[in-house]
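The next block is entry.txt, given as compact mmCIF, C-alpha atoms and all ligand atoms.
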```txt
# COMPACT_ATOMS: atom_id res chain seq x y z
CA MET A 1 -7.46 23.74 -18.24
CA LYS A 2 -4.82 21.23 -19.24
CA THR A 3 -5.67 17.54 -19.15
CA ASN A 4 -3.70 15.58 -16.56
CA ILE A 5 -2.27 12.52 -18.26
CA GLN A 6 -0.61 11.00 -15.18
CA GLY A 7 -2.40 7.80 -14.20
CA LEU A 8 -3.85 7.14 -17.66
CA THR A 9 -3.68 3.61 -19.06
CA ALA A 10 -2.04 2.54 -22.32
CA GLU A 11 -5.47 2.48 -23.99
CA GLU A 12 -6.13 6.01 -22.80
CA PHE A 13 -2.77 7.14 -24.16
CA ASP A 14 -3.73 5.57 -27.50
CA ALA A 15 -6.96 7.54 -27.58
CA LEU A 16 -5.18 10.79 -26.69
CA MET A 17 -2.63 10.42 -29.45
CA LYS A 18 -5.25 9.31 -31.95
CA ALA A 19 -7.22 12.47 -31.25
CA GLN A 20 -4.03 14.37 -32.16
CA GLY A 21 -3.76 12.46 -35.43
CA GLU A 22 -0.62 10.69 -34.20
CA PRO A 23 0.17 7.02 -34.95
CA ALA A 24 -0.02 4.32 -32.25
CA TYR A 25 3.74 4.06 -31.69
CA ARG A 26 3.72 7.67 -30.50
CA ALA A 27 1.34 6.67 -27.71
CA ARG A 28 3.74 3.96 -26.64
CA GLN A 29 6.64 6.40 -26.61
CA LEU A 30 4.69 8.82 -24.45
CA PHE A 31 3.65 6.00 -22.12
CA GLN A 32 7.30 5.04 -21.66
CA TRP A 33 8.35 8.61 -20.91
CA VAL A 34 5.66 8.96 -18.26
CA HIS A 35 5.56 5.49 -16.72
CA GLN A 36 9.09 4.15 -17.24
CA LYS A 37 11.42 7.11 -17.42
CA LEU A 38 9.14 9.00 -15.01
CA VAL A 39 9.55 12.25 -16.90
CA THR A 40 6.99 14.97 -16.25
CA ASP A 41 8.25 17.70 -18.59
CA PHE A 42 7.31 17.30 -22.26
CA GLU A 43 10.36 19.37 -23.26
CA ALA A 44 12.59 16.53 -22.01
CA MET A 45 10.87 13.96 -24.25
CA THR A 46 13.51 14.07 -26.93
CA ASN A 47 12.08 11.64 -29.46
CA PHE A 48 9.22 14.05 -30.16
CA SER A 49 9.71 17.01 -32.47
CA LYS A 50 9.82 20.53 -31.08
CA VAL A 51 6.39 21.20 -32.58
CA GLN A 52 4.95 18.09 -30.95
CA ARG A 53 6.49 18.91 -27.58
CA GLU A 54 5.05 22.41 -27.67
CA ARG A 55 1.62 21.12 -28.64
CA PHE A 56 1.65 18.52 -25.85
CA THR A 57 2.75 21.15 -23.34
CA SER A 58 -0.13 23.40 -24.32
CA LEU A 59 -2.70 20.61 -24.01
CA TRP A 60 -1.55 18.32 -21.25
CA GLU A 61 0.28 18.10 -17.97
CA VAL A 62 1.92 15.19 -16.17
CA ARG A 63 0.83 15.97 -12.66
CA HIS A 64 3.13 14.91 -9.84
CA LEU A 65 3.08 15.16 -6.08
CA GLY A 66 4.89 17.91 -4.28
CA ILE A 67 7.33 16.58 -1.70
CA GLU A 68 6.46 18.36 1.54
CA ALA A 69 9.06 16.61 3.68
CA VAL A 70 11.55 13.73 3.55
CA GLU A 71 12.97 12.21 6.68
CA GLN A 72 15.68 9.63 6.93
CA SER A 73 15.52 7.27 9.90
CA LYS A 74 18.69 7.15 11.98
CA THR A 75 18.03 3.63 13.21
CA SER A 76 17.21 1.82 9.96
CA PRO A 77 17.52 2.36 6.20
CA THR A 78 14.05 3.80 5.94
CA ARG A 79 12.94 7.04 4.38
CA LYS A 80 9.62 8.70 4.97
CA TYR A 81 7.94 11.02 2.50
CA LEU A 82 5.14 13.43 3.12
CA PHE A 83 3.38 14.66 -0.02
CA LYS A 84 0.96 17.53 -0.12
CA LEU A 85 -2.00 17.56 -2.49
CA PRO A 86 -3.47 20.69 -4.07
CA ASP A 87 -6.51 20.52 -1.76
CA GLY A 88 -4.25 20.59 1.31
CA GLU A 89 -4.51 16.89 2.07
CA GLY A 90 -1.38 15.05 3.16
CA VAL A 91 -0.27 11.68 1.85
CA GLU A 92 2.46 9.63 3.41
CA SER A 93 4.66 6.96 1.93
CA VAL A 94 7.64 5.04 3.18
CA LEU A 95 10.62 3.63 1.31
CA MET A 96 12.30 0.70 3.04
CA ILE A 97 15.72 -0.37 1.89
CA PHE A 98 16.53 -4.03 2.39
CA GLU A 99 19.70 -5.83 1.38
CA ASN A 100 18.54 -6.77 -2.08
CA ARG A 101 15.36 -4.82 -2.63
CA LEU A 102 13.58 -1.52 -2.23
CA SER A 103 10.08 -1.74 -0.91
CA ALA A 104 7.62 1.15 -1.18
CA CYS A 105 4.70 1.45 1.20
CA VAL A 106 1.98 3.69 -0.22
CA SER A 107 -1.33 5.21 0.87
CA THR A 108 -4.61 4.78 -0.95
CA GLN A 109 -6.89 7.19 0.92
CA ALA A 110 -6.61 10.49 2.76
CA GLY A 111 -7.70 9.33 6.19
CA CYS A 112 -9.60 6.13 6.83
CA ALA A 113 -13.20 5.21 7.63
CA TYR A 114 -12.52 2.05 9.61
CA GLY A 115 -11.44 3.41 12.98
CA CYS A 116 -9.31 0.53 14.33
CA VAL A 117 -8.69 1.70 17.90
CA PHE A 118 -4.89 1.58 17.83
CA CYS A 119 -4.37 3.17 14.42
CA ALA A 120 -3.66 6.85 13.79
CA SER A 121 -5.03 6.81 10.24
CA GLY A 122 -8.64 6.77 11.33
CA LEU A 123 -8.42 9.55 13.91
CA PHE A 124 -9.92 12.15 11.59
CA GLY A 125 -12.14 9.78 9.64
CA LEU A 126 -12.05 9.42 5.88
CA LYS A 127 -11.43 12.59 3.92
CA ARG A 128 -11.45 11.13 0.43
CA ASN A 129 -10.17 8.45 -1.87
CA LEU A 130 -6.88 9.18 -3.59
CA GLU A 131 -7.06 9.32 -7.36
CA CYS A 132 -5.03 6.81 -9.35
CA TRP A 133 -2.30 9.35 -10.20
CA GLU A 134 -2.02 10.28 -6.52
CA ILE A 135 -1.34 6.68 -5.55
CA LEU A 136 0.92 6.01 -8.52
CA ASP A 137 3.05 9.11 -8.17
CA GLN A 138 3.95 8.20 -4.58
CA VAL A 139 5.93 5.33 -6.13
CA TYR A 140 7.18 7.46 -9.03
CA SER A 141 8.28 10.32 -6.78
CA MET A 142 10.18 7.96 -4.49
CA GLN A 143 11.72 6.22 -7.51
CA ARG A 144 12.86 9.57 -8.99
CA ASN A 145 14.71 10.11 -5.72
CA ALA A 146 16.27 6.65 -5.46
CA THR A 147 19.32 5.15 -7.12
CA GLU A 148 18.14 1.51 -7.01
CA ARG A 149 14.95 0.21 -8.56
CA ILE A 150 11.87 -0.14 -6.39
CA SER A 151 11.07 -3.85 -6.55
CA ASN A 152 8.20 -4.31 -4.09
CA ILE A 153 5.05 -2.35 -3.40
CA VAL A 154 2.92 -2.71 -0.28
CA PHE A 155 -0.45 -0.99 -0.12
CA MET A 156 -0.21 -0.56 3.63
CA GLY A 157 -0.07 3.18 4.13
CA THR A 158 -3.04 5.31 5.16
CA GLY A 159 -6.45 4.04 4.16
CA GLU A 160 -8.11 0.85 3.07
CA PRO A 161 -6.99 -0.11 -0.44
CA LEU A 162 -10.02 -2.31 -1.09
CA ALA A 163 -12.35 0.60 -0.24
CA ASN A 164 -10.70 2.52 -3.10
CA TYR A 165 -10.80 -0.55 -5.25
CA ASP A 166 -10.81 0.78 -8.82
CA ASN A 167 -7.99 3.28 -8.32
CA THR A 168 -5.88 0.74 -6.43
CA LEU A 169 -6.32 -1.88 -9.16
CA LYS A 170 -5.60 0.63 -11.90
CA THR A 171 -2.41 1.63 -10.07
CA ILE A 172 -1.33 -2.01 -9.71
CA ARG A 173 -1.85 -2.65 -13.42
CA LEU A 174 0.10 0.46 -14.40
CA LEU A 175 3.00 -0.45 -12.10
CA ASN A 176 2.96 -3.92 -13.62
CA ASN A 177 2.97 -2.73 -17.26
CA PRO A 178 6.18 -3.84 -19.06
CA ASN A 179 6.35 -0.41 -20.71
CA GLY A 180 6.24 1.11 -17.24
CA LEU A 181 8.20 0.05 -14.16
CA GLY A 182 7.28 -3.59 -14.82
CA ILE A 183 6.94 -4.57 -11.18
CA GLY A 184 5.63 -8.13 -10.91
CA MET A 185 2.16 -8.61 -9.41
CA ARG A 186 3.80 -11.14 -7.13
CA HIS A 187 5.83 -8.31 -5.68
CA MET A 188 2.76 -6.32 -4.74
CA THR A 189 0.86 -6.75 -1.49
CA VAL A 190 -2.59 -5.40 -0.74
CA SER A 191 -3.32 -5.14 2.97
CA THR A 192 -6.96 -5.13 4.02
CA VAL A 193 -8.84 -4.56 7.22
CA GLY A 194 -11.04 -7.51 6.17
CA ASN A 195 -13.43 -6.12 3.61
CA VAL A 196 -15.06 -9.44 2.64
CA PRO A 197 -16.93 -8.58 -0.60
CA MET A 198 -13.88 -6.78 -1.95
CA ILE A 199 -11.55 -9.69 -1.11
CA LEU A 200 -13.85 -11.89 -3.18
CA LYS A 201 -13.87 -9.35 -5.98
CA LEU A 202 -10.06 -9.19 -5.99
CA ALA A 203 -9.93 -13.00 -6.08
CA ASP A 204 -11.94 -12.92 -9.31
CA GLU A 205 -9.43 -10.63 -11.05
CA GLY A 206 -7.06 -13.59 -11.23
CA HIS A 207 -3.96 -11.49 -10.56
CA PRO A 208 -1.26 -13.10 -8.39
CA ILE A 209 -1.33 -10.17 -5.95
CA ARG A 210 -0.34 -11.03 -2.41
CA LEU A 211 -3.14 -10.54 0.07
CA ALA A 212 -2.42 -9.45 3.65
CA VAL A 213 -5.27 -9.46 6.12
CA SER A 214 -5.17 -7.49 9.34
CA LEU A 215 -6.48 -9.95 11.90
CA HIS A 216 -5.20 -8.72 15.28
CA ALA A 217 -7.44 -11.06 17.31
CA PRO A 218 -8.38 -14.74 17.08
CA ASN A 219 -11.98 -14.40 18.32
CA ASP A 220 -14.91 -12.14 17.51
CA GLU A 221 -15.34 -10.79 21.02
CA LEU A 222 -11.84 -9.32 21.06
CA ARG A 223 -11.75 -8.34 17.39
CA ASP A 224 -15.05 -6.47 17.81
CA LYS A 225 -13.34 -4.27 20.38
CA LEU A 226 -10.24 -3.54 18.32
CA MET A 227 -11.67 -3.29 14.84
CA PRO A 228 -15.22 -1.98 14.29
CA VAL A 229 -15.27 -3.68 10.87
CA ASN A 230 -15.61 -6.99 12.70
CA LYS A 231 -19.18 -6.11 13.63
CA LYS A 232 -19.98 -6.31 9.95
CA TYR A 233 -17.77 -9.18 8.80
CA LYS A 234 -17.08 -11.81 11.45
CA ILE A 235 -13.86 -13.80 11.56
CA GLY A 236 -15.52 -16.96 10.17
CA GLU A 237 -16.79 -15.12 7.13
CA LEU A 238 -13.46 -13.33 6.69
CA LEU A 239 -11.45 -16.56 6.74
CA GLU A 240 -13.89 -18.15 4.31
CA ALA A 241 -13.20 -15.27 1.90
CA CYS A 242 -9.45 -15.80 2.44
CA ARG A 243 -9.85 -19.49 1.57
CA THR A 244 -11.64 -18.52 -1.63
CA TYR A 245 -8.88 -16.03 -2.43
CA GLN A 246 -6.29 -18.73 -1.88
CA SER A 247 -8.04 -21.29 -4.00
CA LYS A 248 -8.32 -18.85 -6.90
CA VAL A 249 -5.01 -17.05 -6.61
CA LYS A 250 -2.91 -19.94 -5.28
CA ARG A 251 -0.56 -17.84 -3.22
CA ARG A 252 0.50 -18.01 0.36
CA MET A 253 -1.22 -15.16 2.15
CA THR A 254 -0.23 -13.05 5.12
CA PHE A 255 -2.06 -12.40 8.35
CA GLU A 256 -1.01 -9.30 10.23
CA TYR A 257 -1.29 -9.30 13.97
CA THR A 258 -0.43 -6.14 15.87
CA LEU A 259 0.64 -7.19 19.35
CA ILE A 260 -0.71 -5.03 22.18
CA ASP A 261 0.48 -5.64 25.71
CA ASN A 262 -2.08 -7.51 27.79
CA VAL A 263 -4.77 -7.03 25.18
CA ASN A 264 -4.18 -9.64 22.47
CA ASP A 265 -0.75 -11.09 23.25
CA SER A 266 -1.41 -13.88 25.78
CA PRO A 267 -0.25 -17.47 25.17
CA SER A 268 -3.85 -18.69 25.20
CA LEU A 269 -4.74 -16.26 22.39
CA ALA A 270 -1.69 -17.52 20.48
CA HIS A 271 -3.10 -21.05 20.79
CA GLN A 272 -6.49 -19.84 19.58
CA LEU A 273 -4.76 -18.25 16.60
CA VAL A 274 -3.02 -21.54 15.82
CA ASN A 275 -6.37 -23.35 15.79
CA LEU A 276 -7.95 -20.70 13.63
CA LEU A 277 -5.22 -20.80 10.98
CA ARG A 278 -4.85 -24.57 10.86
CA GLY A 279 -4.78 -25.77 7.26
CA PHE A 280 -4.06 -22.31 5.82
CA ARG A 281 -1.08 -21.70 3.58
CA CYS A 282 -0.12 -18.53 5.31
CA HIS A 283 2.49 -16.46 6.96
CA VAL A 284 1.88 -14.49 10.15
CA ASN A 285 3.41 -11.07 10.58
CA LEU A 286 3.59 -9.98 14.20
CA ILE A 287 3.80 -6.21 14.61
CA PRO A 288 4.59 -4.89 18.08
CA LEU A 289 2.28 -1.90 18.59
CA ASN A 290 3.57 1.48 17.58
CA PRO A 291 2.22 3.51 20.45
CA MET A 292 0.27 6.71 19.92
CA ASP A 293 -1.12 9.29 22.35
CA GLU A 294 -4.77 8.67 21.53
CA TYR A 295 -4.62 4.99 22.50
CA LYS A 296 -3.51 3.75 25.87
CA GLY A 297 -2.08 0.40 24.69
CA LYS A 298 1.64 -0.37 24.74
CA ALA A 299 3.90 -2.74 22.88
CA PRO A 300 4.50 -6.01 24.75
CA SER A 301 7.92 -6.78 26.22
CA ARG A 302 10.41 -8.58 23.98
CA ASN A 303 9.81 -11.76 26.01
CA ARG A 304 6.08 -11.72 25.50
CA VAL A 305 6.51 -11.18 21.78
CA MET A 306 8.93 -14.10 21.60
CA ALA A 307 6.62 -16.35 23.61
CA PHE A 308 3.73 -15.59 21.25
CA GLN A 309 5.95 -16.24 18.26
CA ALA A 310 7.21 -19.53 19.70
CA ILE A 311 3.68 -20.93 20.02
CA LEU A 312 3.04 -20.30 16.32
CA GLU A 313 6.41 -21.76 15.40
CA GLU A 314 5.73 -24.92 17.38
CA ALA A 315 2.59 -25.35 15.31
CA ARG A 316 4.72 -24.89 12.18
CA ILE A 317 3.05 -21.65 11.15
CA PRO A 318 5.63 -19.47 9.41
CA VAL A 319 5.90 -16.33 11.47
CA THR A 320 8.07 -13.23 11.56
CA VAL A 321 8.18 -10.32 13.92
CA ARG A 322 8.17 -7.17 11.87
CA GLU A 323 11.35 -5.21 12.34
CA GLU A 324 10.66 -1.92 13.95
CA ARG A 325 11.56 0.38 11.17
CA GLY A 326 11.59 4.10 11.28
CA GLN A 327 9.92 4.47 14.64
CA ASP A 328 12.12 7.49 15.22
CA ILE A 329 10.48 9.16 12.25
CA THR A 330 6.96 7.94 13.06
CA ALA A 331 7.04 6.20 9.71
CA ALA A 332 4.36 3.76 10.68
CA CYS A 333 0.64 3.78 10.43
CA GLY A 334 -0.63 7.22 9.65
CA GLN A 335 1.32 8.89 12.35
CA LEU A 336 3.08 11.44 10.24
CA ARG A 337 -0.02 12.59 8.42
CA ARG A 338 -1.58 12.97 11.83
CA ARG A 339 1.29 15.20 12.85
CA MET A 340 0.73 17.39 9.82
CA MET A 341 -3.02 17.62 10.45
CA LYS A 342 -2.36 18.70 14.00
CA GLY A 343 0.11 21.26 12.70
CA ALA A 344 2.84 19.84 14.92
N1 LIG B 401 -6.32 -0.68 5.93
C1 LIG B 401 -5.34 -1.66 5.65
C2 LIG B 401 -3.95 -1.13 5.40
C3 LIG B 401 -3.39 -0.03 6.27
S1 LIG B 401 -2.83 -0.43 7.90
C4 LIG B 401 -5.31 -2.71 6.77
O1 LIG B 401 -6.04 -2.55 7.73
O2 LIG B 401 -4.61 -3.69 6.64
C5 LIG B 401 -1.39 -1.42 7.75
C6 LIG B 401 -1.14 -2.30 8.96
O3 LIG B 401 -0.63 -1.53 10.08
C7 LIG B 401 -2.41 -2.96 9.46
O4 LIG B 401 -2.17 -4.31 9.78
C8 LIG B 401 -2.72 -2.14 10.69
O5 LIG B 401 -3.58 -2.80 11.56
C9 LIG B 401 -1.34 -1.89 11.26
N2 LIG B 401 -1.30 -0.82 12.26
C10 LIG B 401 -2.06 0.30 12.29
N3 LIG B 401 -1.75 1.06 13.37
C11 LIG B 401 -0.76 0.41 14.02
C12 LIG B 401 0.01 0.71 15.20
N4 LIG B 401 -0.22 1.81 15.92
N5 LIG B 401 0.95 -0.18 15.55
C13 LIG B 401 1.18 -1.30 14.83
N6 LIG B 401 0.50 -1.62 13.71
C14 LIG B 401 -0.47 -0.78 13.31
```
Could you render the structure from this file as structure tokens?
Amino acid sequence: MKTNIQGLTAEEFDALMKAQGEPAYRARQLFQWVHQKLVTDFEAMTNFSKVQRERFTSLWEVRHLGIEAVEQSKTSPTRKYLFKLPDGEGVESVLMIFENRLSACVSTQAGCAYGCVFCASGLFGLKRNLECWEILDQVYSMQRNATERISNIVFMGTGEPLANYDNTLKTIRLLNNPNGLGIGMRHMTVSTVGNVPMILKLADEGHPIRLAVSLHAPNDELRDKLMPVNKKYKIGELLEACRTYQSKVKRRMTFEYTLIDNVNDSPSLAHQLVNLLRGFRCHVNLIPLNPMDEYKGKAPSRNRVMAFQAILEEARIPVTVREERGQDITAACGQLRRRMMKGA
């Protein structure tokens, strides 16, 4: 069987080429073809000789994801991709086009083990971790299809990135490599359900990666009901880990708060949130719930969202309400993979 070289690091490329008796600069050339020019066919790698190209083709492959479906939202410049893996698993990614940047939202696991009650990703539990190449090629496949450069990456698709820690980190480093796409670590966001030990581990890497924490409730009683992970790591412990992250990484972090009508969107909960986040250098992202059949919650009215936002603003906490992007194509939150799994 051919060796898959997609997702290998520069050091691994060096070793491959060395084993072929090739000099180090050849490894760098190959790395650039794969990670910068995003070429998957050795025949197109024109600075190698015909003999070399044939040898590489016989030994290696640059595996890439098959695009199962692409949908363009009619209401916003958002494109949704569904990729199919050889074992039948589905992976979803979203490309969001903003005025001056392209932001790619990628998945790190097939399914999810955490079971937050309002999220479609956990409905079928965790199937498996995605391999590094399977995370990486979501970005590469979308980039091959885009005219502008992807400038931002958010690890906010299906799954918990910090529960697939090594492959997520390896992907981040490859995306950051100047001989690859060269996307700044500052332009990458890892979103976590609140996996405390892994937040601390990420803090120790010393990379300026932006951390987003899914909070969704300002007290343990409510968070316990929405997010089973809270039974393991309480809010106090979670925020302590966030403080440590901030002191080591020195970046403003994000708290995500999905607003659910009459569940976690009252003014008094907004005040509790203000007290909880006092002294944090943070930004709060309010996300009106994307409804799904399996959960009875609804998105709050526009007025309730604005009232919640106003309380944070009065306390001078930077806050934005996430634009509803691509709802018409169920681009959010595991909903399109769910549709595939149900065969709809
Ligand atoms: N596991 C990671 C990343 C994936 S979820 C995490 O928990 O952060 C990305 C964000 O979408 C999270 O904040 C998640 O809580 C939110 N989300 C999930 N389902 C949603 C829904 N139905 N409506 C609105 N936001 C949702």
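With all atoms listed in the file as the atoms that count, the set of residues no farther than 7 Å from ligand LIG 401 (chain B) is Phe118, Cys119, Ala120, Phe155, Met156, Gly157, Thr158, Gly159, Glu160, Pro161, Ser191, Thr192, Val193, Ala212, Val213, Ser214, Glu256, Tyr257, Thr258, Ile287, Pro288, Leu289, Asn290, Pro291, Met292, Ala332 and Cys333 of chain A.
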Let me know the centre plus edge lengths, in Å and rounded to one decimal, of a box with edges along x, y and z that contains all listed atoms of segment 151-166 of chain A and is padded by 6 Å on every side, as JSON.
```
{"center_x": -0.6, "center_y": 0.5, "center_z": -1.8, "size_x": 35.4, "size_y": 21.6, "size_z": 26.0}
```
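The gap separating atom CA of Asn179 of chain A from atom CA of Trp33 of chain A is 9.2 Å, in Å to one decimal.
Using only C-alpha atoms for every distance, the candidate list A:Met185, A:Ala163, A:Leu277, A:Ile150 yields A:Met185 as the residue closest to Gly206 of chain A.
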Residue neighbourhood Pro267 of chain A, 9 Å, all atoms listed in the file, exclusion window fewer than 5 positions, as number ranges by chain: A: 272, 304, 307-308, 311
Just to be explicit: take each residue in the selection above, keep C-alpha atoms, and write the result as a short mmCIF file (atom, residue, chain, number, x, y, z; two decimals), in the frame of the given file.
```
data_model
loop_
_atom_site.label_atom_id
_atom_site.label_comp_id
_atom_site.auth_asym_id
_atom_site.auth_seq_id
_atom_site.Cartn_x
_atom_site.Cartn_y
_atom_site.Cartn_z
CA GLN A 272 -6.49 -19.84 19.58
CA ARG A 304 6.08 -11.72 25.50
CA ALA A 307 6.62 -16.35 23.61
CA PHE A 308 3.73 -15.59 21.25
CA ILE A 311 3.68 -20.93 20.02
#
```
Straight-line distance linking atom CA of Glu22 of chain A with atom CA of Phe48 of chain A, stated in Å to one decimal: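 Taking atom CA of Glu22 of chain A and atom CA of Phe48 of chain A, their separation equals 11.2 Å.
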Counting only C-alpha atoms, the option among A:Tyr81, A:Pro218, A:Glu12, A:Lys225 closest to Ala24 of chain A: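 Of A:Tyr81, A:Pro218, A:Glu12, A:Lys225, the one nearest Ala24 of chain A is A:Glu12, counting only C-alpha atoms.
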Answer as a PyMOL selection string, residues within 12 Å of (-9.8, -17.5, -3.0) using only C-alpha atoms: chain A and resi 196-211+238-253+280-281
Written file, previous selection with C-alpha atoms, as a CSV table (one decimal), keeping the file's coordinate frame:
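As a result, out-v2.csv now contains:
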```csv
chain,number,residue,atom,x,y,z
A,196,VAL,CA,-15.1,-9.4,2.6
A,197,PRO,CA,-16.9,-8.6,-0.6
A,198,MET,CA,-13.9,-6.8,-2.0
A,199,ILE,CA,-11.6,-9.7,-1.1
A,200,LEU,CA,-13.8,-11.9,-3.2
A,201,LYS,CA,-13.9,-9.4,-6.0
A,202,LEU,CA,-10.1,-9.2,-6.0
A,203,ALA,CA,-9.9,-13.0,-6.1
A,204,ASP,CA,-11.9,-12.9,-9.3
A,205,GLU,CA,-9.4,-10.6,-11.0
A,206,GLY,CA,-7.1,-13.6,-11.2
A,207,HIS,CA,-4.0,-11.5,-10.6
A,208,PRO,CA,-1.3,-13.1,-8.4
A,209,ILE,CA,-1.3,-10.2,-6.0
A,210,ARG,CA,-0.3,-11.0,-2.4
A,211,LEU,CA,-3.1,-10.5,0.1
A,238,LEU,CA,-13.5,-13.3,6.7
A,239,LEU,CA,-11.4,-16.6,6.7
A,240,GLU,CA,-13.9,-18.2,4.3
A,241,ALA,CA,-13.2,-15.3,1.9
A,242,CYS,CA,-9.4,-15.8,2.4
A,243,ARG,CA,-9.8,-19.5,1.6
A,244,THR,CA,-11.6,-18.5,-1.6
A,245,TYR,CA,-8.9,-16.0,-2.4
A,246,GLN,CA,-6.3,-18.7,-1.9
A,247,SER,CA,-8.0,-21.3,-4.0
A,248,LYS,CA,-8.3,-18.8,-6.9
A,249,VAL,CA,-5.0,-17.0,-6.6
A,250,LYS,CA,-2.9,-19.9,-5.3
A,251,ARG,CA,-0.6,-17.8,-3.2
A,252,ARG,CA,0.5,-18.0,0.4
A,253,MET,CA,-1.2,-15.2,2.2
A,280,PHE,CA,-4.1,-22.3,5.8
A,281,ARG,CA,-1.1,-21.7,3.6
```
Test item: residues at most 12 Å from Gln52 of chain A, all atoms listed in the file, excluding those fewer than 2 positions along its chain, as an MDAnalysis selection string: chainID A and resid 17 20:22 26 30 42:50 54:60
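The coordinates place atom CA of Gly7 of chain A at 15.8 Å from atom CA of Gln109 of chain A.
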